[in-house]
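This report refers to the structure that appears directly beneath it.
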Amino acid sequence: MAHQMAVESEHVTADVIEATEFPDLARRYRVRGVPKIVVNDSIEFVGALPEPDYVAYVQSAIKSSGNGSGPKEQEP
Amino acid sequence: MGMIPERDSQAIREHFSENMTGDVEIVMFTERPSLIIVPGRETCETCEDTRKLLEEVSGLSEKVKLTVHELAAAREQAGDLGIDRVPAFVLKGAAKGSVRFFGMPSGYEFSAFIGDLVDASNGETDLSDDTRAFLGTLTEDLHIKVFTTPS
């Protein structure tokens, strides 16, 4: 879904990272389960979520950075 | 014997033919196997297999082009694309943002990669109208990292 967002928006950079090939990144981002999603290095969640929930997490990352708006009830 | 089973190759070829509208380029960064063992320097264990896999995928449609760079010889271009490790590749086509892979797209990620190629070719996805509306309101950059494993 991250890559789809990057296809749709010039503001999105989406990386799919194979954790076992890059153990340094897996350690830095404390990857213990997959898929693990990290947004703007501030919001993270694990597991395949339905699209509205996934987007809510992304929105909360924007909110936590001080701009935009995200639904309060979706704070991770 | 290729990396992709023949039956899957045929299915992907048909999928590309039926669903791709524009050209898409896979820009890959890799490193050549070294004949010299340098203490402390890790060799790229999946670079060759990743390159072979991408070559096979690019051979399944005239719309898919593969460009391979040695990271050491293309640091500037890699830096422009945010690539600092190998194997890694970027999908360039009609995607508006940056679609990057770090590591070999195998297992479940392989089918996601095939879908990404089609999306990057078309410049559109099957995301919901609500999600697209949200993306349309973005005024700042978002960087999403998705960690996966091969299985």
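Residue numbers start at 1 in each chain; chains themselves are named A, B, ... in the order of the structure tokens; ligands are numbered from 1 in the order shown.
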If we count only C-alpha atoms and set the cut-off at 6 Å, which residues sit around Phe101 in chain B, ignoring sequence neighbours fewer than 5 positions away in its own chain? Please answer as a list in words.
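What passes the distance filter is Asp15 and Val16 of chain A; Ala88 and Phe89 of chain B.
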Could you take the residues named above and write them with C-alpha atoms, as an mmCIF file, in the first residue's frame?
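Result saved to out.cif:
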```cif
data_model
loop_
_atom_site.group_PDB
_atom_site.id
_atom_site.type_symbol
_atom_site.label_atom_id
_atom_site.label_comp_id
_atom_site.auth_asym_id
_atom_site.auth_seq_id
_atom_site.Cartn_x
_atom_site.Cartn_y
_atom_site.Cartn_z
ATOM 1 C CA ASP A 15 10.715 1.895 0.599
ATOM 2 C CA VAL A 16 10.189 -1.840 0.811
ATOM 3 C CA ALA B 88 18.303 -1.675 -4.486
ATOM 4 C CA PHE B 89 16.137 -0.391 -7.286
#
```
Based on only C-alpha atoms, which of the residues in chain A come within 9 Å of chain B? I want them as number ranges by chain.
A: 1-22, 26, 31, 33-41, 51-52, 55, 58-59, 61-62, 67-68
Could you give me the residues within range 4-69 of chain A that DSSP places in strand (DSSP E), as JSON, numbers by chain?
{"A": [12, 13, 14, 15, 16, 17, 18, 36, 37, 38, 39, 43, 44, 45, 46]}
Distance in Å - CA of Val27 in chain B versus CA of His15 in chain B
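Answer for the CA of Val27 in chain B to CA of His15 in chain B separation: 21.4 Å.
Reported to one decimal place, the separation of CA of Asp49 in chain B from CA of Glu31 in chain B is 11.8 Å.
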Going by DSSP on the backbone, which residues of chain B come out as alpha helix (DSSP H)? List them as number ranges by chain.
B: 6-19, 47-58, 75-80, 108-122, 129-136
With only C-alpha atoms as the basis for distance, which of A:Tyr57, A:Asp24, A:Ser65, A:Arg32 is at the shortest distance from Phe45 in chain A?
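Looking at the shortest contact to Phe45 in chain A, the residue is A:Tyr57.
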Tell me which of B:Ser151, B:Gln10, B:Thr30, B:Asn19 sits closest to Ala74 in chain B, counting only C-alpha atoms.
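Looking only at the distances to Ala74 in chain B, the closest residue turns out to be B:Thr30.
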Between CA of Cys47 in chain B and CA of Pro5 in chain B lies a distance of 19.9 Å
